[in-house]
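These notes are about the structure you will find just below.
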Amino acid sequence: MLELAGQQDGIADSPLAVRGLTVSYGEKPAVFSVDMTVRPGRMTAIIGPNGAGKSTLLKAALGILKPLSGQVRVYGEPLEAMRGRIAYVPQRASVDWDFPTRVIDVVLMGLYRDVGLLGRITGRHRAQALDCLDRVGMKDFAARQIGQLSGGQQQRVFLARALAQGADLYLLDEPFAGVDAATEKAIIDVLKGLKAEGKTVVAVHHDLATVRDYFDDVFLIATRKVAEGSVETAFTPETLQATYGGRLATAQVDQLSRALG
Ligand code: ADP
Ligand code: MG
């Protein structure tokens with residue numbers, strides 16, 4: 001009976017489904033009783049004001065944070081069994097960029113499942129890593145120290161690492177924050193390419209003006225879920241008002257009026 005119920009509300013088919021997810025750092029929950037059902041083969045934007053719980057939701061979905069309560073299912077299974085199918089690109093600001101590592105080594109980290117804990121990195125692994133760097137336009141930078149790159153270039157390298165994992169579900173936290181226009185274009189092209197291969201992309205996204213161009217679905221959150229569904233049905237002035245309330249900054253209102261025509 002329970003399994004049947006799961007299938008009926010789409011958990012079994014969903015690359016990422018959470019139910020009743022509550023996450024708290026202290027007394028006040030950062031994410032409260034959230035249900036989310038990501039649809040396969042689509043690109044979903046997680047949208048909400050600063051502090052709305054977007055990063056927390058992703059981290060709990062990835063098992064980086066332990067929820068107070070709730071369930072996470074990845075392709076219908078508990079997370080532990082499905083880790084190999086998920087790739088994560090964290091928010092750039094959360095990464096220690098002074099760590100002395102070459103670009104190629106960052107990407108090779110994405111291949112660790114393939115290499116094995118005590119395995120040797122072979123020419124084939126290097127070729128795979130270079131191919132992933134090529135897909136994000138960063139092949140020429142393979143021997144550079146990661147700390148010597150621009151923000152946009154660092155973001156591309158972390159996307160290359162995610163590509164190296166060969167995952168089916170890609171979770172990205174503000175992949176376009178603080179990157180140049182060329183990088184934004186390069187990243188969105190790669191993400192659309194993944195979608196064309198049937199992969200699923202979920203990204204925290206802050207630029208309301210590009211939601212319609214880039215994404216199929218939206219998930220609006222302000223600690224609690226506000227709306228979820230296709231851009232056409234769930235990304236509306238009403239749902240945005242409910243998500244941002246009085247907190248929409250002037251710049252965002254400008255973006256919004258452009259985005260919604
Ligand atoms: P968003 O990504 O939507 O900006 P976050 O998920 O980062 O929001 O944060 C949600 C809430 O949890 C905020 O109120 C934030 O201050 C709080 N928070 C986030 N990370 C921590 C932490 N490590 N310790 C304590 N509080 C945190
Ligand atoms: Mg965040």
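In the structure tokens, chains take letters A, B, ... by order of appearance, with residues numbered from 1 within each chain and ligands from 1 in the order shown.
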
Counting only C-alpha atoms, what is within 12 Å of stretch 179-191 of chain A, bar same-chain residues fewer than 3 positions away, as a short mmCIF file (atom, residue, chain, number, x, y, z; two decimals) with N, CA and C atoms, in the first residue's frame?
```
data_model
loop_
_atom_site.label_atom_id
_atom_site.label_comp_id
_atom_site.auth_asym_id
_atom_site.auth_seq_id
_atom_site.Cartn_x
_atom_site.Cartn_y
_atom_site.Cartn_z
N GLY A 41 14.34 14.76 -16.32
CA GLY A 41 14.63 15.30 -17.65
C GLY A 41 14.29 16.76 -17.80
N ARG A 42 14.10 17.46 -16.67
CA ARG A 42 13.76 18.87 -16.73
C ARG A 42 14.76 19.68 -15.94
N MET A 43 14.72 21.00 -16.16
CA MET A 43 15.56 21.90 -15.39
C MET A 43 14.68 22.68 -14.42
N THR A 44 14.98 22.55 -13.14
CA THR A 44 14.19 23.19 -12.10
C THR A 44 15.00 24.27 -11.40
N VAL A 89 27.30 20.98 -7.32
CA VAL A 89 28.21 22.13 -7.46
C VAL A 89 27.83 23.12 -6.36
N GLN A 91 27.85 26.39 -3.68
CA GLN A 91 27.95 27.84 -3.88
C GLN A 91 29.44 28.20 -3.85
N ARG A 92 29.87 28.99 -4.81
CA ARG A 92 31.29 29.26 -4.99
C ARG A 92 31.93 29.85 -3.74
N ALA A 93 31.17 30.71 -3.07
CA ALA A 93 31.69 31.40 -1.89
C ALA A 93 32.03 30.43 -0.77
N CYS A 132 36.11 16.81 -19.99
CA CYS A 132 35.13 17.57 -19.20
C CYS A 132 35.52 19.05 -19.15
N LEU A 133 36.81 19.32 -19.02
CA LEU A 133 37.27 20.72 -19.03
C LEU A 133 36.98 21.36 -20.38
N ASP A 134 37.14 20.58 -21.44
CA ASP A 134 36.87 21.07 -22.78
C ASP A 134 35.40 21.48 -22.92
N ARG A 135 34.52 20.67 -22.32
CA ARG A 135 33.07 20.94 -22.43
C ARG A 135 32.69 22.27 -21.78
N VAL A 136 33.49 22.73 -20.81
CA VAL A 136 33.20 24.01 -20.17
C VAL A 136 34.16 25.11 -20.65
N GLY A 137 34.93 24.80 -21.69
CA GLY A 137 35.83 25.79 -22.27
C GLY A 137 37.04 26.10 -21.41
N MET A 138 37.50 25.13 -20.61
CA MET A 138 38.62 25.39 -19.68
C MET A 138 39.80 24.44 -19.87
N LEU A 149 42.42 31.45 -10.78
CA LEU A 149 41.39 31.68 -11.80
C LEU A 149 40.40 32.74 -11.36
N SER A 150 39.70 33.32 -12.32
CA SER A 150 38.60 34.25 -12.01
C SER A 150 37.43 33.45 -11.44
N GLY A 151 36.48 34.16 -10.84
CA GLY A 151 35.31 33.50 -10.27
C GLY A 151 34.56 32.66 -11.29
N GLY A 152 34.38 33.21 -12.47
CA GLY A 152 33.66 32.49 -13.52
C GLY A 152 34.41 31.24 -13.95
N GLN A 153 35.74 31.37 -14.04
CA GLN A 153 36.55 30.21 -14.45
C GLN A 153 36.50 29.13 -13.37
N GLN A 154 36.53 29.53 -12.11
CA GLN A 154 36.43 28.55 -11.03
C GLN A 154 35.10 27.82 -11.09
N GLN A 155 34.05 28.57 -11.36
CA GLN A 155 32.73 27.95 -11.43
C GLN A 155 32.68 26.92 -12.56
N ARG A 156 33.30 27.24 -13.70
CA ARG A 156 33.32 26.29 -14.82
C ARG A 156 34.07 25.02 -14.45
N VAL A 157 35.17 25.18 -13.70
CA VAL A 157 35.95 24.01 -13.29
C VAL A 157 35.12 23.11 -12.38
N PHE A 158 34.35 23.73 -11.49
CA PHE A 158 33.52 22.91 -10.60
C PHE A 158 32.39 22.23 -11.36
N LEU A 159 31.93 22.86 -12.41
CA LEU A 159 30.95 22.19 -13.27
C LEU A 159 31.61 21.02 -14.00
N ALA A 160 32.86 21.21 -14.44
CA ALA A 160 33.59 20.12 -15.10
C ALA A 160 33.76 18.93 -14.14
N ALA A 162 31.73 18.12 -11.77
CA ALA A 162 30.41 17.47 -11.71
C ALA A 162 30.18 16.62 -12.96
N LEU A 163 30.57 17.12 -14.12
CA LEU A 163 30.40 16.36 -15.36
C LEU A 163 31.20 15.05 -15.30
N ASP A 168 23.32 11.43 -13.02
CA ASP A 168 22.03 11.60 -13.71
C ASP A 168 21.29 12.83 -13.20
N LEU A 169 21.60 13.22 -11.97
CA LEU A 169 20.96 14.37 -11.33
C LEU A 169 22.03 15.37 -10.92
N TYR A 170 21.88 16.62 -11.36
CA TYR A 170 22.87 17.67 -11.09
C TYR A 170 22.23 18.73 -10.21
N LEU A 171 22.82 18.95 -9.04
CA LEU A 171 22.32 19.97 -8.12
C LEU A 171 23.36 21.09 -8.06
N LEU A 172 22.94 22.30 -8.35
CA LEU A 172 23.87 23.43 -8.38
C LEU A 172 23.34 24.57 -7.52
N GLU A 174 23.41 28.33 -6.95
CA GLU A 174 23.71 29.63 -7.56
C GLU A 174 24.90 29.57 -8.53
N PRO A 175 24.76 28.75 -9.58
CA PRO A 175 25.89 28.59 -10.50
C PRO A 175 26.24 29.87 -11.26
N PHE A 176 25.31 30.81 -11.35
CA PHE A 176 25.58 32.03 -12.13
C PHE A 176 25.94 33.23 -11.26
N LEU A 194 23.03 18.71 -20.92
CA LEU A 194 22.72 17.61 -20.00
C LEU A 194 21.25 17.24 -20.10
N LYS A 195 20.42 18.27 -20.15
CA LYS A 195 18.98 18.02 -20.27
C LYS A 195 18.67 17.28 -21.57
N ALA A 196 19.34 17.68 -22.65
CA ALA A 196 19.12 17.01 -23.93
C ALA A 196 19.51 15.54 -23.87
N GLU A 197 20.45 15.21 -22.96
CA GLU A 197 20.83 13.80 -22.76
C GLU A 197 19.86 13.09 -21.82
N GLY A 198 18.82 13.79 -21.37
CA GLY A 198 17.84 13.17 -20.47
C GLY A 198 18.17 13.30 -19.00
N LYS A 199 19.21 14.08 -18.67
CA LYS A 199 19.59 14.26 -17.27
C LYS A 199 18.69 15.32 -16.63
N THR A 200 18.74 15.36 -15.32
CA THR A 200 17.90 16.28 -14.56
C THR A 200 18.78 17.32 -13.87
N VAL A 201 18.36 18.58 -13.96
CA VAL A 201 19.15 19.68 -13.39
C VAL A 201 18.29 20.46 -12.40
N VAL A 202 18.82 20.68 -11.21
CA VAL A 202 18.15 21.51 -10.21
C VAL A 202 19.16 22.57 -9.78
N ALA A 203 18.79 23.85 -9.92
CA ALA A 203 19.74 24.91 -9.57
C ALA A 203 19.06 25.98 -8.74
N HIS A 205 18.61 29.59 -8.09
CA HIS A 205 18.77 30.64 -9.09
C HIS A 205 18.26 31.97 -8.54
N ASP A 207 18.45 35.11 -10.37
CA ASP A 207 18.12 36.14 -11.35
C ASP A 207 16.74 35.86 -11.95
N THR A 210 15.94 35.70 -15.87
CA THR A 210 16.32 34.62 -16.79
C THR A 210 15.59 33.29 -16.52
N VAL A 211 14.72 33.29 -15.54
CA VAL A 211 14.04 32.04 -15.15
C VAL A 211 13.31 31.42 -16.35
N ASP A 213 13.78 31.81 -19.56
CA ASP A 213 14.68 31.35 -20.63
C ASP A 213 15.38 30.06 -20.25
N TYR A 214 15.75 29.94 -19.01
CA TYR A 214 16.66 28.86 -18.62
C TYR A 214 15.93 27.61 -18.10
N PHE A 215 14.78 27.78 -17.47
CA PHE A 215 14.21 26.67 -16.69
C PHE A 215 12.84 26.24 -17.19
#
```

Q) If you count only C-alpha atoms and all ligand atoms, which residues end up within 9 Å of ligand 2, as a PyMOL selection string? A) chain A and resi 50-56+91+173-174+204

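Compared by their closest atoms to ligand 1, and using only C-alpha atoms and all ligand atoms, the residues A:Val74, A:Ile11, A:Val23, A:Ala177 rank with A:Val23 nearest.
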
Q | Nearest-residue call for A:Val95, choices A:Pro67, A:Pro49, A:Gly147, A:Gly10, using only C-alpha atoms | A | A:Gly147

Q: Find the residues near A:Gly110: any atom within 6 Å, counting only C-alpha atoms, skip ones fewer than 6 places away on the same chain, and give them as a list in words.
A: Arg161, Ala164 and Gln165 of chain A

Written file, previous selection with N, CA, C and O atoms, as a short mmCIF file (atom, residue, chain, number, x, y, z; two decimals), in the first residue's frame:
```cif
data_model
loop_
_atom_site.label_atom_id
_atom_site.label_comp_id
_atom_site.auth_asym_id
_atom_site.auth_seq_id
_atom_site.Cartn_x
_atom_site.Cartn_y
_atom_site.Cartn_z
N ARG A 161 34.03 19.22 -12.88
CA ARG A 161 34.15 18.14 -11.90
C ARG A 161 32.84 17.37 -11.79
O ARG A 161 32.81 16.14 -11.73
N ALA A 164 32.39 15.13 -14.70
CA ALA A 164 33.25 13.94 -14.62
C ALA A 164 32.58 12.82 -13.84
O ALA A 164 32.86 11.64 -14.06
N GLN A 165 31.69 13.18 -12.93
CA GLN A 165 31.02 12.17 -12.12
C GLN A 165 30.03 11.34 -12.93
O GLN A 165 29.57 10.31 -12.48
#
```

Q. How would you write, as an NGL selection string, the set of residues in stretch 73-187 of chain A that DSSP gives as helix (DSSP H, G or I)?
A. :A and (79-85 or 92-94 or 103-109 or 112-115 or 123-135 or 139-141 or 146-148 or 151-164 or 181-187)

Q: List every residue of stretch 57-258 of chain A that DSSP, applied to the backbone, labels as strand (DSSP E), and write the result as a ChimeraX atom specification.
A: /A:69-74,77-78,86-89,169-173,200-204,217-222,224-230

Dump of C-alpha atoms for the selected residues, as a PDB file, in the first residue's frame:
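Produced file again-v1.pdb, reproduced below:
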```pdb
ATOM      1  CA  SER A  69      12.423  15.227  10.209  1.00  0.00           C
ATOM      2  CA  GLY A  70      11.342  14.179   6.758  1.00  0.00           C
ATOM      3  CA  GLN A  71      12.389  11.905   3.938  1.00  0.00           C
ATOM      4  CA  VAL A  72      14.612  12.193   0.903  1.00  0.00           C
ATOM      5  CA  ARG A  73      14.261   9.795  -2.025  1.00  0.00           C
ATOM      6  CA  VAL A  74      16.569   9.762  -5.023  1.00  0.00           C
ATOM      7  CA  GLU A  77      15.474   4.988  -3.227  1.00  0.00           C
ATOM      8  CA  PRO A  78      17.143   6.149  -0.037  1.00  0.00           C
ATOM      9  CA  ILE A  86      24.093  12.768  -8.002  1.00  0.00           C
ATOM     10  CA  ALA A  87      26.586  15.537  -8.721  1.00  0.00           C
ATOM     11  CA  TYR A  88      26.705  18.737  -6.677  1.00  0.00           C
ATOM     12  CA  VAL A  89      28.206  22.128  -7.458  1.00  0.00           C
ATOM     13  CA  LEU A 169      20.957  14.366 -11.329  1.00  0.00           C
ATOM     14  CA  TYR A 170      22.865  17.672 -11.090  1.00  0.00           C
ATOM     15  CA  LEU A 171      22.323  19.970  -8.115  1.00  0.00           C
ATOM     16  CA  LEU A 172      23.873  23.428  -8.378  1.00  0.00           C
ATOM     17  CA  ASP A 173      23.823  26.235  -5.831  1.00  0.00           C
ATOM     18  CA  THR A 200      17.897  16.277 -14.559  1.00  0.00           C
ATOM     19  CA  VAL A 201      19.153  19.677 -13.394  1.00  0.00           C
ATOM     20  CA  VAL A 202      18.153  21.510 -10.205  1.00  0.00           C
ATOM     21  CA  ALA A 203      19.737  24.912  -9.574  1.00  0.00           C
ATOM     22  CA  VAL A 204      19.301  27.578  -6.954  1.00  0.00           C
ATOM     23  CA  ASP A 217      10.054  24.202 -13.630  1.00  0.00           C
ATOM     24  CA  VAL A 218      10.313  26.344 -10.507  1.00  0.00           C
ATOM     25  CA  PHE A 219      10.266  25.615  -6.811  1.00  0.00           C
ATOM     26  CA  LEU A 220       9.526  28.739  -4.767  1.00  0.00           C
ATOM     27  CA  ILE A 221      10.540  28.683  -1.124  1.00  0.00           C
ATOM     28  CA  ALA A 222      10.417  31.019   1.857  1.00  0.00           C
ATOM     29  CA  ARG A 224       8.103  26.747   3.582  1.00  0.00           C
ATOM     30  CA  LYS A 225       7.262  25.763   0.031  1.00  0.00           C
ATOM     31  CA  VAL A 226       5.281  28.512  -1.694  1.00  0.00           C
ATOM     32  CA  ALA A 227       4.761  27.025  -5.148  1.00  0.00           C
ATOM     33  CA  GLU A 228       6.030  24.252  -7.386  1.00  0.00           C
ATOM     34  CA  GLY A 229       5.437  23.397 -11.017  1.00  0.00           C
ATOM     35  CA  SER A 230       6.072  24.493 -14.574  1.00  0.00           C
TER      36      SER A 230
END
```

Q) Which value, in Å to one decimal, gives the distance between atom CA of A:Val18 and atom CA of A:Ala61? A)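 So the two atoms, atom CA of A:Val18 and atom CA of A:Ala61, lie 7.4 Å apart.
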
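The closest residue to ligand 1, picked from A:Tyr75, A:Tyr244, A:Tyr112, A:Phe141 and counting only C-alpha atoms and all ligand atoms, is A:Tyr244.
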